[in-house]
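S.K.: Structure file data34.txt (compact mmCIF, C-alpha atoms) is given on the next line.
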```txt
# COMPACT_ATOMS: atom_id res chain seq x y z
CA MET B 168 19.59 -5.63 -3.98
CA LYS B 169 20.53 -3.74 -0.87
CA ARG B 170 20.62 -5.48 2.47
CA ARG B 171 18.00 -3.16 3.87
CA GLU B 172 15.64 -3.82 1.02
CA ILE B 173 15.91 -7.59 1.41
CA GLU B 174 15.22 -7.20 5.11
CA TRP B 175 12.16 -4.99 4.59
CA ALA B 176 10.76 -7.39 2.05
CA ALA B 177 11.20 -10.32 4.45
CA LEU B 178 9.64 -8.38 7.33
CA MET B 179 6.74 -7.25 5.18
CA ARG B 180 6.05 -10.82 4.07
CA ALA B 181 6.11 -11.93 7.69
CA ALA B 182 3.77 -9.06 8.55
CA ARG B 183 1.36 -10.21 5.86
CA ALA B 184 1.40 -13.64 7.41
CA GLY B 185 0.28 -12.04 10.68
CA ASP B 186 3.58 -11.32 12.48
CA ALA B 187 2.93 -7.99 14.25
CA ALA B 188 6.43 -7.82 15.75
CA ALA B 189 7.97 -8.07 12.28
CA TYR B 190 5.68 -5.32 11.05
CA ASP B 191 6.65 -3.11 13.99
CA ARG B 192 10.33 -3.64 13.22
CA CYS B 193 9.79 -2.98 9.54
CA LEU B 194 8.03 0.34 10.16
CA ARG B 195 10.65 1.44 12.70
CA ASP B 196 13.43 0.69 10.29
CA MET B 197 11.63 2.49 7.48
CA ALA B 198 11.18 5.55 9.72
CA THR B 199 14.89 5.53 10.51
CA ALA B 200 15.77 5.32 6.82
CA LEU B 201 13.25 7.97 5.80
CA ARG B 202 14.22 10.61 8.34
CA PRO B 203 17.58 11.76 6.98
CA PHE B 204 16.35 11.61 3.44
CA VAL B 205 13.26 13.70 4.16
CA ARG B 206 15.42 16.25 5.99
CA ARG B 207 17.77 16.40 3.03
CA ALA B 208 14.90 16.90 0.60
CA LEU B 209 13.47 19.71 2.76
CA ALA B 210 16.85 21.37 3.14
CA ARG B 211 17.35 21.30 -0.61
CA ILE B 212 14.29 23.45 -1.17
CA GLY B 213 15.25 25.74 1.69
CA LEU B 214 12.84 24.55 4.35
CA SER B 215 13.82 23.90 7.95
CA ASP B 216 13.32 20.33 9.08
CA ASP B 217 10.39 21.24 11.32
CA HIS B 218 8.18 19.42 8.88
CA ALA B 219 10.40 16.39 8.51
CA GLU B 220 8.80 14.30 11.22
CA ASP B 221 5.37 15.25 9.95
CA VAL B 222 6.31 13.90 6.54
CA VAL B 223 7.80 10.74 8.03
CA GLN B 224 4.59 10.04 9.94
CA GLU B 225 2.53 10.72 6.88
CA VAL B 226 4.58 8.26 4.85
CA LEU B 227 4.24 5.59 7.53
CA LEU B 228 0.48 6.05 7.60
CA ALA B 229 0.38 5.76 3.82
CA VAL B 230 2.60 2.67 3.83
CA HIS B 231 0.15 1.11 6.27
CA MET B 232 -3.05 2.10 4.46
CA LYS B 233 -1.65 1.11 1.06
CA ARG B 234 0.34 -1.95 2.15
CA HIS B 235 -1.67 -4.15 -0.21
CA THR B 236 -0.22 -2.30 -3.21
CA TRP B 237 3.25 -3.76 -2.73
CA ASP B 238 3.71 -6.64 -5.15
CA GLU B 239 5.84 -9.29 -3.44
CA THR B 240 7.52 -10.18 -6.70
CA ARG B 241 8.96 -6.66 -6.99
CA PRO B 242 11.62 -4.90 -4.92
CA ILE B 243 10.17 -3.01 -1.98
CA GLY B 244 12.62 -0.08 -2.11
CA PRO B 245 11.11 1.70 -5.12
CA TRP B 246 7.65 1.17 -3.63
CA VAL B 247 8.55 2.92 -0.37
CA ALA B 248 10.48 5.62 -2.26
CA ALA B 249 7.50 6.36 -4.53
CA ILE B 250 5.14 6.64 -1.55
CA ALA B 251 7.62 8.85 0.30
CA ARG B 252 8.05 11.15 -2.68
CA TYR B 253 4.31 11.41 -3.25
CA LYS B 254 3.61 12.21 0.39
CA ALA B 255 6.50 14.65 0.76
CA VAL B 256 5.30 16.66 -2.23
CA ASP B 257 1.78 16.51 -0.84
CA VAL B 258 2.71 17.76 2.62
CA LEU B 259 4.78 20.60 1.20
CA ARG B 260 2.04 21.59 -1.19
CA ARG B 261 -0.37 21.85 1.71
CA ARG B 262 2.11 24.06 3.49
CA GLY B 263 1.66 26.41 0.58
CA SER B 264 4.91 25.83 -1.25
CA ARG B 265 4.87 24.74 -4.85
CA VAL B 266 7.58 22.17 -5.03
CA TYR B 267 9.25 19.82 -7.33
CA LEU B 268 11.28 17.14 -5.64
CA PRO B 269 13.76 15.52 -7.95
CA ILE B 270 13.19 11.80 -8.07
CA GLU B 271 16.89 11.15 -7.49
CA ASP B 272 16.54 12.33 -3.90
CA PHE B 273 14.27 9.45 -3.29
CA ALA B 274 16.43 6.84 -4.85
CA GLU B 275 18.77 7.41 -1.94
CA ILE B 276 16.50 6.09 0.76
CA LEU B 277 18.17 2.75 0.68
CA PRO B 278 21.92 3.30 0.86
CA ALA B 279 21.65 4.50 4.47
CA ASP B 280 22.53 1.01 5.65
CA ASP B 281 24.68 2.19 8.51
CA ALA B 282 22.75 5.28 9.50
CA PRO B 283 22.62 5.65 13.28
CA ALA B 284 19.21 5.18 14.82
CA ASP B 285 17.52 8.51 15.43
CA PRO B 286 14.36 8.48 17.53
CA GLY B 287 13.10 11.71 15.97
CA PRO B 288 11.74 14.69 17.81
CA ASP B 289 8.65 14.65 19.96
CA VAL B 290 6.01 15.60 17.46
CA ALA B 291 2.42 16.04 18.43
CA ARG B 292 0.35 14.61 15.60
CA SER B 293 -2.95 15.84 16.77
CA LEU B 294 -5.52 13.33 17.92
CA GLU B 295 -7.83 16.14 18.96
CA ALA B 296 -9.88 16.13 15.78
CA LEU B 297 -10.87 12.48 16.21
CA PRO B 298 -14.13 11.32 17.78
CA THR B 299 -13.75 10.64 21.52
CA ARG B 300 -13.79 6.86 21.30
CA GLN B 301 -11.13 6.68 18.60
CA ARG B 302 -9.00 9.23 20.40
CA ASP B 303 -9.15 7.35 23.69
CA VAL B 304 -8.28 4.06 22.00
CA LEU B 305 -5.39 5.54 20.03
CA ARG B 306 -4.03 7.31 23.09
CA SER B 307 -4.21 4.15 25.14
CA ILE B 308 -2.50 1.94 22.55
CA ALA B 309 -0.07 4.38 20.97
CA VAL B 310 0.90 6.74 23.76
CA ASP B 311 0.41 4.56 26.83
CA GLY B 312 1.53 1.39 25.07
CA ALA B 313 -1.43 -0.66 26.29
CA SER B 314 -2.47 -3.85 24.49
CA ILE B 315 -5.82 -4.29 22.79
CA GLY B 316 -7.01 -6.33 25.80
CA GLU B 317 -5.86 -3.80 28.38
CA THR B 318 -7.42 -0.99 26.39
CA ALA B 319 -10.70 -2.88 26.17
CA ALA B 320 -10.74 -3.39 29.95
CA ARG B 321 -9.72 0.18 30.67
CA LEU B 322 -12.37 1.73 28.41
CA ALA B 323 -15.04 -0.89 29.13
CA MET B 324 -15.28 -1.86 25.47
CA SER B 325 -15.15 -5.24 23.76
CA GLU B 326 -11.84 -6.15 22.09
CA GLY B 327 -13.59 -6.14 18.74
CA ALA B 328 -14.82 -2.59 19.31
CA VAL B 329 -11.29 -1.51 20.28
CA ARG B 330 -9.90 -3.01 17.06
CA VAL B 331 -12.52 -1.24 14.97
CA ALA B 332 -11.98 2.11 16.74
CA LEU B 333 -8.21 1.78 16.28
CA HIS B 334 -8.55 1.08 12.56
CA ARG B 335 -11.06 3.89 12.04
CA GLY B 336 -8.89 6.30 14.02
CA LEU B 337 -5.84 5.52 11.89
CA THR B 338 -7.87 5.76 8.69
CA ALA B 339 -9.12 9.15 9.84
CA LEU B 340 -5.57 10.31 10.60
CA ALA B 341 -4.47 9.27 7.11
CA LYS B 342 -7.56 10.89 5.51
CA HIS B 343 -7.31 14.02 7.57
CA SER B 344 -3.97 14.77 6.01
CA GLU B 345 -5.41 14.42 2.50
CA LYS B 346 -7.39 17.60 2.87
CA PRO B 347 -5.78 20.64 1.33
CA MET C 214 1.85 11.58 18.93
CA ARG C 215 5.48 10.62 18.52
CA THR C 216 6.52 8.56 15.56
CA ASP C 217 7.27 5.63 17.87
CA ASP C 218 3.74 5.87 19.22
CA LEU C 219 2.27 5.99 15.75
CA ILE C 220 4.19 2.87 14.75
CA ARG C 221 2.89 1.06 17.84
CA ALA C 222 -0.65 1.93 16.79
CA LEU C 223 -0.05 0.89 13.18
CA ALA C 224 1.39 -2.47 14.23
CA ALA C 225 -1.55 -3.02 16.58
CA ASP C 226 -4.00 -2.50 13.73
CA ARG C 227 -4.48 -6.09 12.64
CA THR C 228 -7.41 -5.46 10.34
CA ALA C 229 -6.98 -7.57 7.24
CA ALA C 230 -5.22 -5.68 4.45
CA PRO C 231 -7.48 -4.86 1.49
CA GLN C 232 -7.59 -7.04 -1.61
CA PRO C 233 -4.69 -6.80 -4.06
CA PRO C 234 -5.31 -3.81 -6.35
CA GLY C 235 -5.20 -5.88 -9.55
CA ARG C 236 -8.13 -8.00 -8.46
CA MET C 237 -10.22 -4.91 -7.74
CA LEU C 238 -9.37 -3.49 -11.15
CA VAL C 239 -10.35 -6.66 -13.01
CA LEU C 240 -13.61 -6.91 -11.06
CA ALA C 241 -14.40 -3.26 -11.79
CA ALA C 242 -13.63 -3.65 -15.49
CA ALA C 243 -15.85 -6.75 -15.69
CA ALA C 244 -18.73 -5.02 -13.89
CA GLY C 245 -18.43 -1.86 -15.98
CA PHE C 246 -18.21 -3.84 -19.21
CA ALA C 247 -21.26 -5.91 -18.27
CA LEU C 248 -23.26 -2.68 -17.82
CA SER C 249 -22.05 -1.16 -21.06
CA ALA C 250 -22.61 -4.38 -23.00
CA MET C 251 -26.13 -4.57 -21.61
CA ALA C 252 -26.86 -1.00 -22.68
CA PHE C 253 -25.41 -1.81 -26.09
CA ALA C 254 -27.55 -4.94 -26.45
CA ILE C 255 -30.74 -3.13 -25.41
CA TRP C 256 -30.42 0.11 -27.36
CA LEU C 257 -28.03 -0.58 -30.22
CA GLY C 258 -27.23 -4.18 -31.08
CA PRO C 259 -24.97 -5.25 -33.93
CA ARG C 260 -25.39 -3.76 -37.39
CA PRO C 261 -27.93 -5.59 -39.62
CA ASP C 262 -25.33 -7.13 -41.93
CA ILE C 263 -23.05 -8.29 -39.12
CA ALA C 264 -22.70 -11.88 -40.39
CA GLU C 265 -21.39 -10.65 -43.71
CA ALA C 266 -19.35 -7.78 -42.26
CA ALA C 267 -17.58 -10.13 -39.87
CA THR C 268 -15.83 -11.71 -42.83
CA HIS C 269 -14.19 -8.42 -43.89
CA VAL C 270 -10.88 -7.22 -42.55
CA ARG C 271 -11.98 -3.60 -42.90
CA PHE C 272 -14.75 -4.23 -40.39
CA LEU C 273 -12.85 -6.54 -38.05
CA PHE C 274 -9.99 -4.08 -37.81
CA LYS C 275 -12.11 -1.64 -35.78
CA PRO C 276 -13.15 -3.76 -32.77
CA LEU C 277 -9.80 -5.55 -32.72
CA LEU C 278 -7.80 -2.31 -32.64
CA MET C 279 -10.07 -0.96 -29.90
CA LEU C 280 -9.69 -4.15 -27.86
CA ALA C 281 -5.93 -3.89 -28.26
CA LEU C 282 -6.08 -0.32 -26.97
CA ALA C 283 -8.15 -1.42 -23.97
CA ALA C 284 -5.84 -4.36 -23.23
CA MET C 285 -2.69 -2.25 -23.38
CA SER C 286 -4.03 0.57 -21.28
CA GLY C 287 -5.57 -1.88 -18.82
CA TRP C 288 -2.17 -3.47 -18.42
CA LEU C 289 -0.59 -0.06 -17.77
CA LEU C 290 -3.33 0.70 -15.27
CA LEU C 291 -2.33 -2.30 -13.19
CA ARG C 292 1.15 -0.76 -12.94
CA LEU C 293 -0.10 2.76 -12.29
CA MET C 294 -1.95 1.56 -9.18
CA ARG C 295 1.24 0.40 -7.53
CA PRO C 296 3.74 3.04 -6.37
CA GLY C 297 7.18 2.61 -7.87
CA ALA C 298 6.16 0.08 -10.54
CA PRO C 299 7.75 0.88 -13.91
CA VAL C 300 5.21 2.22 -16.40
CA ARG C 301 5.99 2.43 -20.12
CA LEU C 302 3.36 4.83 -21.41
CA LEU C 303 5.14 4.96 -24.72
CA ALA C 304 3.94 1.42 -25.47
CA LEU C 305 0.55 2.98 -26.21
CA ALA C 306 2.02 4.64 -29.30
CA ALA C 307 1.72 1.23 -30.99
CA ILE C 308 -2.04 1.82 -31.40
CA PRO C 309 -1.86 5.08 -33.40
CA ALA C 310 1.06 3.57 -35.33
CA VAL C 311 -1.05 0.60 -36.45
CA LEU C 312 -3.90 2.98 -37.26
CA ALA C 313 -1.56 5.14 -39.34
CA VAL C 314 -0.57 2.09 -41.39
CA ALA C 315 -4.24 1.29 -41.98
CA VAL C 316 -4.93 4.89 -43.01
CA ALA C 317 -2.00 4.77 -45.45
CA ALA C 318 -3.32 1.53 -46.93
CA GLU C 319 -6.76 3.10 -47.32
CA LEU C 320 -5.35 6.16 -49.05
CA VAL C 321 -3.45 3.97 -51.47
CA THR C 322 -6.39 1.73 -52.35
CA LEU C 323 -9.21 4.31 -52.32
CA PRO C 324 -9.44 6.83 -55.17
CA PRO C 325 -9.04 10.40 -53.86
CA SER C 326 -12.54 11.34 -54.98
CA ARG C 327 -13.94 8.97 -52.33
CA TRP C 328 -11.72 10.16 -49.48
CA PRO C 329 -14.10 12.85 -48.13
CA GLY C 330 -17.04 10.45 -48.07
CA ALA C 331 -15.02 7.78 -46.24
CA LEU C 332 -13.76 10.32 -43.73
CA VAL C 333 -17.10 11.88 -42.83
CA GLY C 334 -19.02 8.61 -43.02
CA ASP C 335 -22.72 8.27 -42.27
CA ASN C 336 -22.78 8.28 -38.51
CA TRP C 337 -19.99 10.47 -37.17
CA TYR C 338 -22.31 12.15 -34.65
CA LEU C 339 -23.41 8.75 -33.32
CA CYS C 340 -19.79 7.76 -32.94
CA LEU C 341 -19.00 10.94 -31.03
CA GLY C 342 -22.00 10.57 -28.75
CA LEU C 343 -22.23 6.85 -28.18
CA ILE C 344 -18.61 6.01 -27.41
CA PRO C 345 -18.52 8.46 -24.46
CA LEU C 346 -21.93 7.24 -23.28
CA LEU C 347 -20.89 3.59 -23.38
CA SER C 348 -17.63 4.57 -21.63
CA LEU C 349 -19.41 6.07 -18.68
CA PRO C 350 -20.05 2.98 -16.53
CA LEU C 351 -16.62 1.61 -17.42
CA ALA C 352 -14.73 4.78 -16.57
CA ALA C 353 -16.65 5.20 -13.32
CA ALA C 354 -15.90 1.62 -12.27
CA LEU C 355 -12.21 1.89 -13.17
CA LEU C 356 -11.76 5.19 -11.32
CA PHE C 357 -13.44 3.66 -8.31
CA ALA C 358 -11.04 0.70 -8.44
CA LEU C 359 -8.07 3.07 -8.80
CA ARG C 360 -8.99 4.76 -5.54
CA HIS C 361 -8.36 1.41 -3.95
CA GLY C 362 -4.80 1.42 -5.27
CA ALA C 363 -2.18 4.11 -4.76
CA PRO C 364 -1.61 5.97 -8.03
CA THR C 365 1.20 8.48 -7.52
CA ARG C 366 0.23 10.31 -10.73
CA PRO C 367 -3.55 10.77 -10.41
CA PRO C 368 -4.18 12.63 -13.71
CA ILE C 369 -2.20 10.08 -15.72
CA ALA C 370 -3.91 7.18 -13.99
CA GLY C 371 -7.24 8.88 -14.75
CA ALA C 372 -6.34 9.37 -18.42
CA VAL C 373 -5.25 5.76 -18.85
CA ALA C 374 -8.47 4.62 -17.14
CA GLY C 375 -10.28 6.74 -19.74
CA LEU C 376 -8.37 5.03 -22.55
CA THR C 377 -9.22 1.60 -21.16
CA ALA C 378 -12.89 2.52 -20.76
CA SER C 379 -13.27 4.16 -24.17
CA GLY C 380 -11.31 1.36 -25.85
CA LEU C 381 -13.81 -1.20 -24.57
CA ALA C 382 -16.75 1.09 -25.32
CA ALA C 383 -15.47 1.73 -28.85
CA ALA C 384 -15.04 -2.01 -29.42
CA LEU C 385 -18.73 -2.43 -28.55
CA TYR C 386 -19.82 0.53 -30.66
CA ALA C 387 -17.74 -0.72 -33.62
CA VAL C 388 -20.00 -3.78 -33.86
CA ASN C 389 -22.92 -1.43 -34.57
CA CYS C 390 -21.05 1.14 -36.65
CA THR C 391 -21.33 0.87 -40.44
CA ASP C 392 -18.46 3.24 -41.23
CA ASP C 393 -15.52 0.93 -41.80
CA SER C 394 -12.91 3.24 -43.33
CA PRO C 395 -9.72 3.68 -41.29
CA LEU C 396 -10.08 7.38 -42.19
CA PHE C 397 -13.30 7.43 -40.22
CA VAL C 398 -11.79 5.54 -37.30
CA ALA C 399 -8.74 7.76 -37.18
CA THR C 400 -10.93 10.87 -37.04
CA TRP C 401 -14.09 10.21 -35.08
CA TYR C 402 -13.09 7.29 -32.87
CA SER C 403 -9.94 9.18 -31.93
CA LEU C 404 -11.89 12.30 -31.06
CA ALA C 405 -14.37 10.38 -28.90
CA ILE C 406 -11.57 8.51 -27.13
CA ALA C 407 -9.60 11.70 -26.54
CA ALA C 408 -12.65 13.40 -25.04
CA VAL C 409 -13.25 10.53 -22.63
CA SER C 410 -9.59 10.41 -21.63
CA ILE C 411 -9.40 14.12 -20.94
CA ALA C 412 -12.57 14.02 -18.83
CA SER C 413 -11.23 10.99 -17.00
CA ALA C 414 -7.87 12.67 -16.39
CA LEU C 415 -9.66 15.63 -14.81
CA ALA C 416 -11.76 13.28 -12.69
CA GLY C 417 -8.59 11.41 -11.70
CA HIS C 418 -6.93 14.63 -10.65
CA ARG C 419 -9.81 15.33 -8.28
CA MET C 420 -10.73 11.83 -7.13
CA LEU C 421 -7.52 9.87 -6.94
CA ARG C 422 -5.47 11.73 -4.37
CA TRP C 423 -4.63 9.73 -1.29
```
For the file at hand, write its structure as structure tokens.

M.R.:
Amino acid sequence: MKRREIEWAALMRAARAGDAAAYDRCLRDMATALRPFVRRALARIGLSDDHAEDVVQEVLLAVHMKRHTWDETRPIGPWVAAIARYKAVDVLRRRGSRVYLPIEDFAEILPADDAPADPGPDVARSLEALPTRQRDVLRSIAVDGASIGETAARLAMSEGAVRVALHRGLTALAKHSEKP
Amino acid sequence: MRTDDLIRALAADRTAAPQPPGRMLVLAAAAGFALSAMAFAIWLGPRPDIAEAATHVRFLFKPLLMLALAAMSGWLLLRLMRPGAPVRLLALAAIPAVLAVAVAAELVTLPPSRWPGALVGDNWYLCLGLIPLLSLPLAAALLFALRHGAPTRPPIAGAVAGLTASGLAAALYAVNCTDDSPLFVATWYSLAIAAVSIASALAGHRMLRW
């Protein structure tokens, strides 16, 4: 098994045990690994990589929403690759292009062990469509980097309400992208 | 929102992850089967000569083959819910293969003059109607559970859910059915199961995208 895969599996297990820092690292590393491979897949079908970051974000949202479907006894690489492939095809289909992405493209997510970190472009995934509360909470936590507690104080909400709004907001972002 | 920002939000979302998909599937299958079995017990019940029939291989073959179909497709369904899990759909070919052997045995033992009667049976229309009806709660429950997973091939997941549902439904119906010839099973049971699977594949295509 590849080094990266072993590391993701360990981080994901830690995340399941409640380690948020491990989860953060895991997602960041997945994003780094996904980026070049998504760009390559887009280039192969003649699309510019404008959509690449959109796809990466979509995959991360899906990884989060479907994190319970990874079976710890199985390698995590094929799991991420299958989600990435599914979401890439989905995003492209919504852009109006009928696509077939060869599965081999996705088998290559893992070998990028020494890929340089790439922060990705500044993409505006729109929060505008969300209800006010969810938008404010997401903006505070994601964009401003505030903690749950700080966000609660800032928006005069209870911490529980902030947690719920955050989860609902993320679910809505993931759902929103399901629509054709 | 930048990707970094999104990751910060995802890591901050500490809501408990949902239940493992397998557990949801087993619960759904149990609930759906309970409903179907109840409907069966209320409106159909076993055939009158069940005690005697249960001693004949010809009769026992039907529910056992259908249970095997349900077990195999249920097992595949567990895999189909998890992205990247290897799925050997070809394993399902074992069921028609066993059925083909039974049909061959029937053709050898039964004189040709009785073939048409064995094939058409007494209750083919009941078979065609009741298997899909008994499948309904099962298929609905399984599709619902699949939504909880992450099937990357929605129509296939839907079709296999249909096979699981109609396999269980056919096992129930077989206890009531008095047509025991493998010729009958190969024709009418297969048709009913195919209809349920196609409908379920279409439903999967619409319902199971994530």

S.K.: How close does chain B get to chain C? List, as a tab-separated table, each residue of chain B within 7 Å, its nearest atom pair and the distance in Å to one decimal, counting only C-alpha atoms.

M.R.:
```
residue	atom	partner	partner_atom	distance
B:Ala187	CA	C:Ala224	CA	5.7
B:Tyr190	CA	C:Ala224	CA	6.1
B:Asp191	CA	C:Ala224	CA	5.3
B:Leu194	CA	C:Ile220	CA	6.5
B:Arg195	CA	C:Ile220	CA	6.9
B:Gln224	CA	C:Thr216	CA	6.1
B:His231	CA	C:Leu223	CA	6.9
B:Lys233	CA	C:Ala363	CA	6.6
B:His235	CA	C:Pro233	CA	5.6
B:Thr236	CA	C:Arg295	CA	5.3
B:Trp237	CA	C:Arg295	CA	6.7
B:Pro245	CA	C:Gly297	CA	4.9
B:Trp246	CA	C:Gly297	CA	4.5
B:Ala249	CA	C:Gly297	CA	5.0
B:Ile250	CA	C:Pro296	CA	6.2
B:Tyr253	CA	C:Thr365	CA	6.0
B:Asp289	CA	C:Arg215	CA	5.3
B:Val290	CA	C:Arg215	CA	5.1
B:Ala291	CA	C:Met214	CA	4.5
B:Arg292	CA	C:Met214	CA	4.7
B:Ser293	CA	C:Met214	CA	6.8
B:Leu305	CA	C:Ala222	CA	6.8
B:Ile308	CA	C:Ala222	CA	6.0
B:Ala309	CA	C:Asp218	CA	4.4
B:Val310	CA	C:Asp218	CA	5.4
B:Arg330	CA	C:Asp226	CA	6.8
B:Leu333	CA	C:Asp226	CA	6.5
B:His334	CA	C:Asp226	CA	5.9
B:Glu345	CA	C:Trp423	CA	6.1
```

S.K.: Figure out the distance between CA of Leu227 (chain B) and CA of Val239 (chain C), please, to one decimal in Å.

M.R.: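 Distance between the two atoms: 28.0 Å.
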
S.K.: Extract, using only C-alpha atoms, all DNA, RNA and protein residues at most 7 Å from Ala382 (chain C), discarding same-chain residues fewer than 6 positions from it, and format them as a list in words.

M.R.: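 Surrounding residues, per the criterion: Ile344, Leu347 and Ser348 of chain C.
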
S.K.: For Asp335 (chain C), list every protein, DNA or RNA residue within 12 Å, evaluated using all atoms listed in the file, and leave out those in the same chain fewer than 2 positions away; present the list as a list in words.

M.R.: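 Contacts, with the query itself left out: Pro329, Gly330, Ala331, Leu332, Val333, Trp337, Tyr338, Leu339, Cys340, Cys390, Thr391, Asp392, Asp393, Ser394, Phe397 and Trp401 of chain C.
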
S.K.: Neighbourhood query: residues within 9 Å of (-16.8, 3.0, -32.3), file coordinates, counting all atoms listed in the file; return as a PyMOL selection string.

M.R.: chain C and resi 275-276+279+339-341+343-344+379-380+382-390+398+401-402+405
